[in-house]
>>> print(open('run.cif').read())   # mmCIF, C-alpha atoms
data_structure
#
loop_
_atom_site.group_PDB
_atom_site.id
_atom_site.type_symbol
_atom_site.label_atom_id
_atom_site.label_comp_id
_atom_site.auth_asym_id
_atom_site.auth_seq_id
_atom_site.Cartn_x
_atom_site.Cartn_y
_atom_site.Cartn_z
ATOM 1 C CA MET A 1186 -10.526 -52.242 -69.682
ATOM 2 C CA THR A 1187 -11.697 -49.886 -72.417
ATOM 3 C CA ARG A 1188 -15.150 -49.755 -70.805
ATOM 4 C CA LEU A 1189 -13.775 -48.340 -67.580
ATOM 5 C CA ARG A 1190 -14.101 -44.632 -66.799
ATOM 6 C CA PRO A 1191 -11.742 -42.569 -64.633
ATOM 7 C CA ALA A 1192 -12.415 -42.478 -60.938
ATOM 8 C CA ASP A 1193 -14.342 -39.760 -59.162
ATOM 9 C CA SER A 1194 -11.319 -39.676 -56.934
ATOM 10 C CA PRO A 1195 -10.939 -38.035 -53.512
ATOM 11 C CA ARG A 1196 -7.275 -37.371 -54.400
ATOM 12 C CA LEU A 1197 -6.875 -33.681 -55.132
ATOM 13 C CA ALA A 1198 -3.501 -34.215 -56.843
ATOM 14 C CA GLY A 1199 -4.736 -37.036 -59.065
ATOM 15 C CA ILE A 1200 -2.549 -39.990 -60.042
ATOM 16 C CA ASP A 1201 0.818 -40.373 -58.292
ATOM 17 C CA ALA A 1202 3.231 -41.455 -61.050
ATOM 18 C CA GLU A 1203 5.813 -42.743 -58.561
ATOM 19 C CA HIS A 1204 3.242 -44.984 -56.899
ATOM 20 C CA VAL A 1205 2.188 -46.341 -60.301
ATOM 21 C CA ARG A 1206 5.838 -47.127 -61.064
ATOM 22 C CA ARG A 1207 6.236 -49.045 -57.795
ATOM 23 C CA LEU A 1208 3.123 -51.076 -58.560
ATOM 24 C CA THR A 1209 4.375 -51.809 -62.063
ATOM 25 C CA GLU A 1210 7.648 -53.172 -60.744
ATOM 26 C CA THR A 1211 6.192 -55.359 -58.011
ATOM 27 C CA SER A 1212 5.942 -59.070 -58.622
ATOM 28 C CA ASP A 1213 3.049 -59.470 -56.199
ATOM 29 C CA ALA A 1214 -0.455 -60.036 -57.521
ATOM 30 C CA LEU A 1215 -2.474 -56.829 -57.163
ATOM 31 C CA PRO A 1216 -5.941 -56.890 -55.555
ATOM 32 C CA PRO A 1217 -9.008 -56.441 -57.784
ATOM 33 C CA ILE A 1218 -10.100 -52.893 -58.473
ATOM 34 C CA LEU A 1219 -13.553 -51.708 -57.380
ATOM 35 C CA VAL A 1220 -15.919 -50.389 -60.054
ATOM 36 C CA HIS A 1221 -19.260 -48.584 -59.796
ATOM 37 C CA ARG A 1222 -21.499 -50.817 -61.880
ATOM 38 C CA ALA A 1223 -23.959 -48.080 -62.948
ATOM 39 C CA THR A 1224 -21.332 -45.721 -64.362
ATOM 40 C CA MET A 1225 -18.312 -48.032 -64.823
ATOM 41 C CA ARG A 1226 -16.222 -45.469 -62.947
ATOM 42 C CA VAL A 1227 -13.329 -46.851 -60.963
ATOM 43 C CA ILE A 1228 -14.042 -46.388 -57.259
ATOM 44 C CA ASP A 1229 -10.760 -47.784 -55.973
ATOM 45 C CA GLY A 1230 -7.739 -48.900 -57.980
ATOM 46 C CA MET A 1231 -6.789 -46.210 -60.490
ATOM 47 C CA HIS A 1232 -3.086 -46.677 -59.672
ATOM 48 C CA ARG A 1233 -3.455 -50.439 -60.194
ATOM 49 C CA LEU A 1234 -5.278 -49.794 -63.471
ATOM 50 C CA HIS A 1235 -2.443 -47.556 -64.756
ATOM 51 C CA ALA A 1236 0.106 -50.144 -63.640
ATOM 52 C CA ALA A 1237 -1.757 -52.859 -65.562
ATOM 53 C CA VAL A 1238 -1.748 -50.688 -68.713
ATOM 54 C CA LEU A 1239 2.008 -50.126 -68.371
ATOM 55 C CA ARG A 1240 2.462 -53.881 -68.070
ATOM 56 C CA GLY A 1241 0.661 -54.289 -71.391
ATOM 57 C CA ARG A 1242 -2.443 -55.889 -69.868
ATOM 58 C CA HIS A 1243 -5.780 -55.692 -71.691
ATOM 59 C CA ASP A 1244 -7.895 -56.893 -68.783
ATOM 60 C CA ILE A 1245 -7.937 -56.527 -65.013
ATOM 61 C CA GLU A 1246 -9.774 -58.281 -62.211
ATOM 62 C CA ALA A 1247 -12.588 -56.151 -60.810
ATOM 63 C CA LEU A 1248 -15.357 -56.177 -58.237
ATOM 64 C CA TYR A 1249 -18.599 -54.264 -58.724
ATOM 65 C CA PHE A 1250 -20.286 -51.829 -56.371
ATOM 66 C CA ASP A 1251 -24.010 -51.076 -56.555
ATOM 67 C CA GLY A 1252 -25.164 -47.791 -55.101
ATOM 68 C CA SER A 1253 -25.657 -44.101 -55.815
ATOM 69 C CA PRO A 1254 -22.791 -41.888 -57.041
ATOM 70 C CA ASP A 1255 -22.594 -40.250 -53.602
ATOM 71 C CA GLU A 1256 -22.348 -43.669 -51.971
ATOM 72 C CA ALA A 1257 -19.679 -44.637 -54.471
ATOM 73 C CA PHE A 1258 -17.641 -41.565 -53.542
ATOM 74 C CA ARG A 1259 -17.893 -42.364 -49.829
ATOM 75 C CA ARG A 1260 -16.791 -45.917 -50.577
ATOM 76 C CA ALA A 1261 -13.818 -44.556 -52.537
ATOM 77 C CA VAL A 1262 -12.745 -42.502 -49.526
ATOM 78 C CA GLN A 1263 -13.132 -45.451 -47.157
ATOM 79 C CA GLU A 1264 -11.103 -47.720 -49.411
ATOM 80 C CA ASN A 1265 -8.320 -45.188 -49.811
ATOM 81 C CA ILE A 1266 -7.883 -44.586 -46.079
ATOM 82 C CA ALA A 1267 -7.884 -48.330 -45.397
ATOM 83 C CA HIS A 1268 -4.984 -49.390 -47.640
ATOM 84 C CA GLY A 1269 -2.655 -48.370 -50.429
ATOM 85 C CA LEU A 1270 -1.413 -44.838 -50.918
ATOM 86 C CA PRO A 1271 -2.815 -42.812 -47.981
ATOM 87 C CA LEU A 1272 -5.013 -39.796 -48.584
ATOM 88 C CA SER A 1273 -3.495 -36.526 -47.448
ATOM 89 C CA LEU A 1274 -5.111 -34.398 -44.763
ATOM 90 C CA SER A 1275 -6.245 -31.976 -47.450
ATOM 91 C CA ASP A 1276 -7.779 -34.861 -49.407
ATOM 92 C CA ARG A 1277 -9.709 -36.050 -46.358
ATOM 93 C CA LYS A 1278 -10.955 -32.578 -45.432
ATOM 94 C CA ALA A 1279 -12.088 -31.942 -49.000
ATOM 95 C CA ALA A 1280 -13.869 -35.296 -49.016
ATOM 96 C CA ALA A 1281 -15.602 -34.450 -45.731
ATOM 97 C CA ARG A 1282 -16.810 -31.114 -47.123
ATOM 98 C CA ARG A 1283 -18.136 -32.801 -50.240
ATOM 99 C CA ILE A 1284 -19.981 -35.470 -48.228
ATOM 100 C CA LEU A 1285 -21.521 -32.837 -45.930
ATOM 101 C CA THR A 1286 -22.650 -30.763 -48.904
ATOM 102 C CA ALA A 1287 -24.190 -33.763 -50.634
ATOM 103 C CA ASP A 1288 -25.898 -35.061 -47.477
ATOM 104 C CA PRO A 1289 -26.132 -32.469 -44.648
ATOM 105 C CA GLN A 1290 -28.176 -34.916 -42.568
ATOM 106 C CA ILE A 1291 -25.292 -37.337 -42.070
ATOM 107 C CA SER A 1292 -23.782 -37.060 -38.588
ATOM 108 C CA ASP A 1293 -20.322 -35.696 -37.801
ATOM 109 C CA ARG A 1294 -19.251 -39.060 -36.392
ATOM 110 C CA ALA A 1295 -20.407 -40.932 -39.486
ATOM 111 C CA VAL A 1296 -18.452 -38.581 -41.744
ATOM 112 C CA ALA A 1297 -15.432 -38.761 -39.434
ATOM 113 C CA ALA A 1298 -15.430 -42.560 -39.579
ATOM 114 C CA CYS A 1299 -15.623 -42.429 -43.371
ATOM 115 C CA VAL A 1300 -12.824 -39.923 -44.016
ATOM 116 C CA GLY A 1301 -10.479 -40.664 -41.124
ATOM 117 C CA LEU A 1302 -10.866 -37.375 -39.246
ATOM 118 C CA SER A 1303 -12.053 -36.545 -35.742
ATOM 119 C CA GLY A 1304 -15.668 -35.666 -35.073
ATOM 120 C CA LYS A 1305 -14.619 -32.194 -33.880
ATOM 121 C CA THR A 1306 -12.797 -31.537 -37.142
ATOM 122 C CA VAL A 1307 -15.834 -32.572 -39.166
ATOM 123 C CA ALA A 1308 -18.093 -30.369 -37.006
ATOM 124 C CA ALA A 1309 -15.795 -27.404 -37.707
ATOM 125 C CA LEU A 1310 -15.831 -28.181 -41.429
ATOM 126 C CA ARG A 1311 -19.626 -28.356 -41.325
ATOM 127 C CA ARG A 1312 -19.839 -24.879 -39.799
ATOM 128 C CA LEU A 1313 -17.375 -23.423 -42.304
ATOM 129 C CA SER A 1314 -19.072 -25.070 -45.280
ATOM 130 C CA GLY A 1315 -22.540 -23.910 -44.252
ATOM 131 C CA ALA A 1316 -23.850 -27.464 -44.354
ATOM 132 C CA GLU A 1317 -25.549 -26.951 -40.993
ATOM 133 C CA SER A 1318 -27.590 -24.036 -42.300
ATOM 134 C CA ALA A 1319 -30.264 -26.448 -43.485
ATOM 135 C CA HIS A 1320 -33.101 -26.684 -40.971
ATOM 136 C CA LEU A 1321 -32.786 -30.351 -40.129
ATOM 137 C CA ASN A 1322 -34.106 -31.989 -36.985
ATOM 138 C CA THR A 1323 -32.220 -35.262 -37.270
ATOM 139 C CA ARG A 1324 -28.852 -36.675 -38.262
ATOM 140 C CA ILE A 1325 -28.057 -40.083 -39.724
ATOM 141 C CA GLY A 1326 -25.519 -41.936 -37.589
ATOM 142 C CA ALA A 1327 -22.796 -44.349 -38.633
ATOM 143 C CA ASP A 1328 -25.227 -47.199 -37.868
ATOM 144 C CA GLY A 1329 -27.695 -45.857 -40.423
ATOM 145 C CA ARG A 1330 -30.244 -44.862 -37.773
ATOM 146 C CA SER A 1331 -31.815 -41.423 -37.507
ATOM 147 C CA TYR A 1332 -31.044 -39.447 -34.343
ATOM 148 C CA PRO A 1333 -32.586 -36.136 -33.248
ATOM 149 C CA LEU A 1334 -30.304 -33.104 -33.179
ATOM 150 C CA ASP A 1335 -32.048 -32.051 -29.962
ATOM 151 C CA GLY A 1336 -32.059 -35.174 -27.821
ATOM 152 C CA THR A 1337 -34.308 -33.635 -25.155
ATOM 153 C CA ARG A 1338 -37.457 -35.517 -26.077
ATOM 154 C CA GLY A 1339 -35.574 -38.777 -26.534
ATOM 155 C CA ARG A 1340 -34.092 -38.432 -23.033
ATOM 156 C CA LEU A 1341 -37.516 -37.630 -21.563
ATOM 157 C CA LEU A 1342 -38.960 -40.695 -23.263
ATOM 158 C CA ALA A 1343 -36.083 -42.786 -21.918
ATOM 159 C CA VAL A 1344 -36.904 -41.586 -18.380
ATOM 160 C CA GLN A 1345 -40.495 -42.655 -18.888
ATOM 161 C CA LEU A 1346 -39.628 -46.041 -20.394
ATOM 162 C CA ILE A 1347 -37.142 -46.850 -17.620
ATOM 163 C CA ALA A 1348 -39.794 -46.048 -15.021
ATOM 164 C CA GLU A 1349 -42.351 -48.202 -16.817
ATOM 165 C CA ARG A 1350 -39.953 -51.056 -17.627
ATOM 166 C CA PRO A 1351 -37.212 -51.017 -14.970
ATOM 167 C CA ASP A 1352 -35.947 -54.491 -15.934
ATOM 168 C CA ALA A 1353 -35.939 -53.940 -19.706
ATOM 169 C CA PRO A 1354 -32.577 -54.278 -21.509
ATOM 170 C CA LEU A 1355 -30.849 -50.972 -22.182
ATOM 171 C CA ARG A 1356 -30.756 -51.678 -25.906
ATOM 172 C CA GLU A 1357 -34.539 -51.986 -25.901
ATOM 173 C CA ILE A 1358 -34.931 -48.703 -24.000
ATOM 174 C CA ALA A 1359 -32.465 -46.958 -26.318
ATOM 175 C CA ARG A 1360 -34.201 -48.276 -29.434
ATOM 176 C CA ASP A 1361 -37.702 -47.267 -28.327
ATOM 177 C CA ALA A 1362 -36.608 -43.844 -27.049
ATOM 178 C CA GLY A 1363 -34.408 -43.052 -30.051
ATOM 179 C CA VAL A 1364 -31.283 -42.464 -27.948
ATOM 180 C CA SER A 1365 -27.927 -44.194 -27.733
ATOM 181 C CA VAL A 1366 -27.341 -47.124 -25.397
ATOM 182 C CA GLY A 1367 -24.828 -44.963 -23.534
ATOM 183 C CA THR A 1368 -27.457 -42.278 -22.927
ATOM 184 C CA ALA A 1369 -29.949 -44.862 -21.662
ATOM 185 C CA HIS A 1370 -27.261 -46.307 -19.371
ATOM 186 C CA THR A 1371 -26.468 -42.854 -17.961
ATOM 187 C CA ILE A 1372 -30.125 -42.039 -17.304
ATOM 188 C CA ARG A 1373 -30.804 -45.348 -15.555
ATOM 189 C CA GLY A 1374 -27.662 -44.928 -13.466
ATOM 190 C CA ARG A 1375 -28.716 -41.449 -12.347
ATOM 191 C CA ILE A 1376 -32.159 -42.720 -11.366
ATOM 192 C CA ARG A 1377 -30.730 -45.642 -9.380
ATOM 193 C CA ARG A 1378 -28.337 -43.325 -7.536
ATOM 194 C CA GLY A 1379 -31.191 -41.061 -6.543
ATOM 195 C CA GLU A 1380 -30.083 -38.261 -8.831
ATOM 196 C CA THR A 1381 -32.252 -36.327 -11.234
ATOM 197 C CA PRO A 1382 -32.697 -38.399 -14.419
ATOM 198 C CA VAL A 1383 -31.051 -35.676 -16.511
ATOM 199 C CA PRO A 1384 -28.458 -33.039 -15.491
ATOM 200 C CA ALA A 1385 -29.917 -29.983 -13.776
ATOM 201 C CA GLY A 1386 -30.069 -26.971 -16.051
ATOM 202 C CA SER A 1387 -30.190 -29.008 -19.252
ATOM 203 C CA PRO A 1388 -33.087 -28.552 -21.705
ATOM 204 C CA ALA A 1389 -34.279 -32.054 -20.798
ATOM 205 C CA ALA A 1390 -34.338 -31.128 -17.078
ATOM 206 C CA GLN A 1391 -36.366 -28.018 -17.812
ATOM 207 C CA GLU A 1392 -38.875 -29.970 -19.867
ATOM 208 C CA LEU A 1393 -39.029 -32.689 -17.223
ATOM 209 C CA ARG A 1394 -39.876 -30.103 -14.573
ATOM 210 C CA ALA A 1395 -42.464 -28.529 -16.866
ATOM 211 C CA SER A 1396 -44.064 -31.905 -17.581
ATOM 212 C CA LEU A 1397 -44.455 -32.561 -13.856
ATOM 213 C CA THR A 1398 -45.966 -29.127 -13.166
ATOM 214 C CA PRO A 1399 -49.809 -28.960 -13.225
ATOM 215 C CA SER A 1400 -49.710 -25.409 -14.616
ATOM 216 C CA ALA A 1401 -47.484 -26.345 -17.554
ATOM 217 C CA PRO A 1402 -48.915 -25.484 -20.971
ATOM 218 C CA GLU A 1403 -50.664 -28.238 -22.845
ATOM 219 C CA SER A 1404 -47.899 -28.242 -25.451
ATOM 220 C CA ALA A 1405 -45.317 -29.355 -22.870
ATOM 221 C CA PRO A 1406 -44.352 -33.054 -23.185
ATOM 222 C CA ALA A 1407 -46.117 -35.085 -20.486
ATOM 223 C CA LEU A 1408 -44.855 -38.208 -18.806
ATOM 224 C CA SER A 1409 -47.280 -41.047 -18.235
ATOM 225 C CA CYS A 1410 -48.659 -41.442 -14.739
ATOM 226 C CA ARG A 1411 -46.626 -44.622 -14.327
ATOM 227 C CA ALA A 1412 -43.435 -42.547 -14.476
ATOM 228 C CA PHE A 1413 -44.396 -40.479 -11.430
ATOM 229 C CA PRO A 1414 -43.539 -43.135 -8.791
ATOM 230 C CA GLU A 1415 -39.956 -43.180 -10.065
ATOM 231 C CA VAL A 1416 -39.753 -39.402 -9.592
ATOM 232 C CA LEU A 1417 -41.002 -39.799 -6.029
ATOM 233 C CA ARG A 1418 -38.487 -42.581 -5.377
ATOM 234 C CA SER A 1419 -35.745 -40.302 -6.668
ATOM 235 C CA LEU A 1420 -36.846 -37.561 -4.278
ATOM 236 C CA SER A 1421 -36.996 -40.058 -1.432
ATOM 237 C CA ARG A 1422 -33.329 -40.947 -1.984
ATOM 238 C CA ASP A 1423 -32.205 -37.311 -1.994
ATOM 239 C CA PRO A 1424 -29.926 -36.847 1.070
ATOM 240 C CA SER A 1425 -30.878 -33.184 1.444
ATOM 241 C CA LEU A 1426 -34.491 -34.212 2.051
ATOM 242 C CA ARG A 1427 -33.850 -37.374 4.056
ATOM 243 C CA SER A 1428 -31.365 -35.743 6.448
ATOM 244 C CA THR A 1429 -33.858 -33.362 8.093
ATOM 245 C CA GLU A 1430 -37.143 -33.947 9.909
ATOM 246 C CA ALA A 1431 -38.832 -31.248 7.825
ATOM 247 C CA GLY A 1432 -37.597 -32.942 4.647
ATOM 248 C CA ARG A 1433 -38.856 -36.345 5.794
ATOM 249 C CA GLN A 1434 -42.262 -34.871 6.629
ATOM 250 C CA LEU A 1435 -42.411 -33.301 3.188
ATOM 251 C CA LEU A 1436 -41.626 -36.654 1.560
ATOM 252 C CA ARG A 1437 -44.322 -38.429 3.601
ATOM 253 C CA TRP A 1438 -46.815 -35.732 2.649
ATOM 254 C CA LEU A 1439 -45.903 -35.962 -1.054
ATOM 255 C CA HIS A 1440 -46.446 -39.714 -1.008
ATOM 256 C CA THR A 1441 -49.965 -39.377 0.403
ATOM 257 C CA GLN A 1442 -51.260 -36.521 -1.758
ATOM 258 C CA PRO A 1443 -51.024 -37.050 -5.525
ATOM 259 C CA VAL A 1444 -52.909 -39.485 -7.731
ATOM 260 C CA LEU A 1445 -50.079 -41.479 -9.268
ATOM 261 C CA THR A 1446 -51.869 -44.138 -11.284
ATOM 262 C CA ASP A 1447 -53.811 -43.980 -14.512
ATOM 263 C CA ASP A 1448 -56.423 -46.510 -13.381
ATOM 264 C CA TRP A 1449 -58.786 -43.863 -12.007
ATOM 265 C CA HIS A 1450 -61.155 -44.346 -14.938
ATOM 266 C CA HIS A 1451 -62.550 -47.623 -13.675
ATOM 267 C CA ARG A 1452 -62.815 -46.238 -10.154
ATOM 268 C CA LEU A 1453 -65.332 -43.705 -11.390
ATOM 269 C CA ASP A 1454 -67.638 -46.527 -12.389
ATOM 270 C CA ALA A 1455 -68.636 -46.786 -8.722
ATOM 271 C CA LEU A 1456 -69.551 -43.099 -8.521
ATOM 272 C CA PRO A 1457 -73.330 -42.507 -8.215
ATOM 273 C CA ALA A 1458 -74.773 -39.875 -10.518
ATOM 274 C CA HIS A 1459 -75.846 -37.647 -7.655
ATOM 275 C CA CYS A 1460 -72.211 -37.478 -6.385
ATOM 276 C CA THR A 1461 -70.520 -36.444 -9.631
ATOM 277 C CA ASP A 1462 -70.765 -32.700 -9.009
ATOM 278 C CA SER A 1463 -69.191 -33.034 -5.571
ATOM 279 C CA VAL A 1464 -66.276 -35.168 -6.817
ATOM 280 C CA ALA A 1465 -65.719 -32.807 -9.741
ATOM 281 C CA ALA A 1466 -65.571 -29.850 -7.343
ATOM 282 C CA LEU A 1467 -63.054 -31.695 -5.146
ATOM 283 C CA ALA A 1468 -60.863 -32.540 -8.172
ATOM 284 C CA ARG A 1469 -60.883 -28.933 -9.379
ATOM 285 C CA LYS A 1470 -60.004 -27.642 -5.904
ATOM 286 C CA CYS A 1471 -57.121 -30.127 -5.597
ATOM 287 C CA ALA A 1472 -55.838 -29.084 -9.018
ATOM 288 C CA GLU A 1473 -56.064 -25.420 -8.006
ATOM 289 C CA VAL A 1474 -54.073 -26.032 -4.816
ATOM 290 C CA TRP A 1475 -51.384 -27.994 -6.688
ATOM 291 C CA GLN A 1476 -51.088 -25.176 -9.224
ATOM 292 C CA GLN A 1477 -50.515 -22.756 -6.355
ATOM 293 C CA ILE A 1478 -47.856 -25.106 -4.941
ATOM 294 C CA ALA A 1479 -46.128 -25.327 -8.342
ATOM 295 C CA ARG A 1480 -46.049 -21.547 -8.715
ATOM 296 C CA GLU A 1481 -44.669 -21.129 -5.208
ATOM 297 C CA VAL A 1482 -41.970 -23.792 -5.719
ATOM 298 C CA GLU A 1483 -40.840 -22.256 -9.007
ATOM 299 C CA ARG A 1484 -40.763 -18.699 -7.651
ATOM 300 C CA PRO A 1485 -37.164 -17.454 -7.331
ATOM 301 C CA LYS A 1486 -35.966 -17.261 -3.740
ATOM 302 C CA GLY A 1487 -35.942 -13.826 -2.169
ATOM 303 C CA ARG A 1488 -38.987 -12.484 -4.007
#
>>> encode(input="run.cif", output="structure tokens")
Amino acid sequence: MTRLRPADSPRLAGIDAEHVRRLTETSDALPPILVHRATMRVIDGMHRLHAAVLRGRHDIEALYFDGSPDEAFRRAVQENIAHGLPLSLSDRKAAARRILTADPQISDRAVAACVGLSGKTVAALRRLSGAESAHLNTRIGADGRSYPLDGTRGRLLAVQLIAERPDAPLREIARDAGVSVGTAHTIRGRIRRGETPVPAGSPAAQELRASLTPSAPESAPALSCRAFPEVLRSLSRDPSLRSTEAGRQLLRWLHTQPVLTDDWHHRLDALPAHCTDSVAALARKCAEVWQQIAREVERPKGR
């Protein structure tokens, strides 16, 4: 036991003498302590170690942990909220602040699961500690995966993947889009109910509208052509359009106008050289008209 070093403990008050006394007096066999192999610091079991010394023991059963010092500290917190003498609320908040400072990229939920606090409490601690001041685009979740702080692009990609692979498992869609399974489930449900794939007014909805607008800047994220039929199907299920004759005429017209497939390349193989200028002029004119339509649709009512 002489090789062991004191714990990098999450307990602000240190060793509880009364708890050590209770362990010393118990006749039950105590579980092995947990030791960080690289530093020989005790991760979990300092009270058991003190009890063993008081019993006159010169050795103690131990398990080893391999990992970084920060990982060892997180393991110490997890062990101490799982059994033994509970960590106080102050202990757990201090541990959360330390974890956030050491690794600002870790998500609020992952920290909350580690220290036994709510995600909202951890988020508040993050703001107070300044850990969110770092310009990070992703967070590491409790599952070890990286998730974007702004899920807009992941949701847009999920819309596209669901349109392209309507029968694909949700876990596959979520994995490829970088979103949670719950988010993928919500998006697919909205599409099947004829609702917009993402809530109106959200950043994802604004980007979705921009990506479907011919006049959108080139930097706007674009959906593949195969995603367009799903947008049309969503419009076709909209009661406000289906319930009026004018709305039904608009839907029929929309279905006959746009080019909704990306197989037009091979169709151009049949185009004679002397017809290319005419087809190019037609394509430009169609694009010009659709740009005018987009501007008119986006213009605020009453202007």
>>> atom_distance(input="run.cif", atom1="CA of Gly1269 (chain A)", atom2="CA of Pro1217 (chain A)")
12.6 Å
>>> atom_distance(input="run.cif", atom1="CA of Gly1432 (chain A)", atom2="CA of Leu1346 (chain A)")
28.3 Å
>>> atom_distance(input="run.cif", atom1="CA of Leu1234 (chain A)", atom2="CA of Ile1218 (chain A)")
7.6 Å
>>> closest_residue(input="run.cif", among="A:Gln1290, A:Glu1210, A:Pro1351, A:Glu1246", to="Gly1374 (chain A)", atoms="all atoms listed in the file")
A:Pro1351
>>> residues_around(input="run.cif", residues="region 1306-1308 of chain A", least_positions_apart="2", cutoff="12 Å", atoms="all atoms listed in the file", output="VMD selection string")
chain A and resid 1274 1277 to 1285 1289 1291 to 1304 1310 to 1317
>>> closest_residue(input="run.cif", among="A:Arg1360, A:His1235, A:Arg1340, A:Arg1188", to="Ile1372 (chain A)", atoms="only C-alpha atoms")
A:Arg1340
>>> resolve_selection(input="run.cif", expression="the PyMOL selection byres ((chain A and resi 1369) around 12)", output="PDB file with C-alpha atoms, in the frame of the given file")
ATOM      1  CA  GLY A1336     -32.059 -35.174 -27.821  1.00  0.00           C
ATOM      2  CA  GLY A1339     -35.574 -38.777 -26.534  1.00  0.00           C
ATOM      3  CA  ARG A1340     -34.092 -38.432 -23.033  1.00  0.00           C
ATOM      4  CA  LEU A1341     -37.516 -37.630 -21.563  1.00  0.00           C
ATOM      5  CA  LEU A1342     -38.960 -40.695 -23.263  1.00  0.00           C
ATOM      6  CA  ALA A1343     -36.083 -42.786 -21.918  1.00  0.00           C
ATOM      7  CA  VAL A1344     -36.904 -41.586 -18.380  1.00  0.00           C
ATOM      8  CA  GLN A1345     -40.495 -42.655 -18.888  1.00  0.00           C
ATOM      9  CA  LEU A1346     -39.628 -46.041 -20.394  1.00  0.00           C
ATOM     10  CA  ILE A1347     -37.142 -46.850 -17.620  1.00  0.00           C
ATOM     11  CA  ALA A1348     -39.794 -46.048 -15.021  1.00  0.00           C
ATOM     12  CA  PRO A1351     -37.212 -51.017 -14.970  1.00  0.00           C
ATOM     13  CA  ALA A1353     -35.939 -53.940 -19.706  1.00  0.00           C
ATOM     14  CA  PRO A1354     -32.577 -54.278 -21.509  1.00  0.00           C
ATOM     15  CA  LEU A1355     -30.849 -50.972 -22.182  1.00  0.00           C
ATOM     16  CA  ARG A1356     -30.756 -51.678 -25.906  1.00  0.00           C
ATOM     17  CA  GLU A1357     -34.539 -51.986 -25.901  1.00  0.00           C
ATOM     18  CA  ILE A1358     -34.931 -48.703 -24.000  1.00  0.00           C
ATOM     19  CA  ALA A1359     -32.465 -46.958 -26.318  1.00  0.00           C
ATOM     20  CA  ARG A1360     -34.201 -48.276 -29.434  1.00  0.00           C
ATOM     21  CA  ASP A1361     -37.702 -47.267 -28.327  1.00  0.00           C
ATOM     22  CA  ALA A1362     -36.608 -43.844 -27.049  1.00  0.00           C
ATOM     23  CA  GLY A1363     -34.408 -43.052 -30.051  1.00  0.00           C
ATOM     24  CA  VAL A1364     -31.283 -42.464 -27.948  1.00  0.00           C
ATOM     25  CA  SER A1365     -27.927 -44.194 -27.733  1.00  0.00           C
ATOM     26  CA  VAL A1366     -27.341 -47.124 -25.397  1.00  0.00           C
ATOM     27  CA  GLY A1367     -24.828 -44.963 -23.534  1.00  0.00           C
ATOM     28  CA  THR A1368     -27.457 -42.278 -22.927  1.00  0.00           C
ATOM     29  CA  HIS A1370     -27.261 -46.307 -19.371  1.00  0.00           C
ATOM     30  CA  THR A1371     -26.468 -42.854 -17.961  1.00  0.00           C
ATOM     31  CA  ILE A1372     -30.125 -42.039 -17.304  1.00  0.00           C
ATOM     32  CA  ARG A1373     -30.804 -45.348 -15.555  1.00  0.00           C
ATOM     33  CA  GLY A1374     -27.662 -44.928 -13.466  1.00  0.00           C
ATOM     34  CA  ARG A1375     -28.716 -41.449 -12.347  1.00  0.00           C
ATOM     35  CA  ILE A1376     -32.159 -42.720 -11.366  1.00  0.00           C
ATOM     36  CA  PRO A1382     -32.697 -38.399 -14.419  1.00  0.00           C
ATOM     37  CA  VAL A1383     -31.051 -35.676 -16.511  1.00  0.00           C
TER      38      VAL A1383
END
>>> axis_aligned_box(input="run.cif", around="region 1344-1349 of chain A", padding_each_side="8 Å", output="JSON")
{"center_x": -39.6, "center_y": -44.9, "center_z": -17.7, "size_x": 21.4, "size_y": 22.6, "size_z": 21.4}
>>> resolve_selection(input="run.cif", expression="the PyMOL selection byres ((chain A and resi 1251-1268) around 7)", output="PDB file with C-alpha atoms, keeping the file's coordinate frame")
ATOM      1  CA  ASP A1193     -14.342 -39.760 -59.162  1.00  0.00           C
ATOM      2  CA  PRO A1195     -10.939 -38.035 -53.512  1.00  0.00           C
ATOM      3  CA  HIS A1221     -19.260 -48.584 -59.796  1.00  0.00           C
ATOM      4  CA  ARG A1222     -21.499 -50.817 -61.880  1.00  0.00           C
ATOM      5  CA  ILE A1228     -14.042 -46.388 -57.259  1.00  0.00           C
ATOM      6  CA  ASP A1229     -10.760 -47.784 -55.973  1.00  0.00           C
ATOM      7  CA  TYR A1249     -18.599 -54.264 -58.724  1.00  0.00           C
ATOM      8  CA  PHE A1250     -20.286 -51.829 -56.371  1.00  0.00           C
ATOM      9  CA  GLY A1269      -2.655 -48.370 -50.429  1.00  0.00           C
ATOM     10  CA  LEU A1270      -1.413 -44.838 -50.918  1.00  0.00           C
ATOM     11  CA  PRO A1271      -2.815 -42.812 -47.981  1.00  0.00           C
ATOM     12  CA  LEU A1272      -5.013 -39.796 -48.584  1.00  0.00           C
ATOM     13  CA  CYS A1299     -15.623 -42.429 -43.371  1.00  0.00           C
ATOM     14  CA  VAL A1300     -12.824 -39.923 -44.016  1.00  0.00           C
ATOM     15  CA  GLY A1301     -10.479 -40.664 -41.124  1.00  0.00           C
TER      16      GLY A1301
END
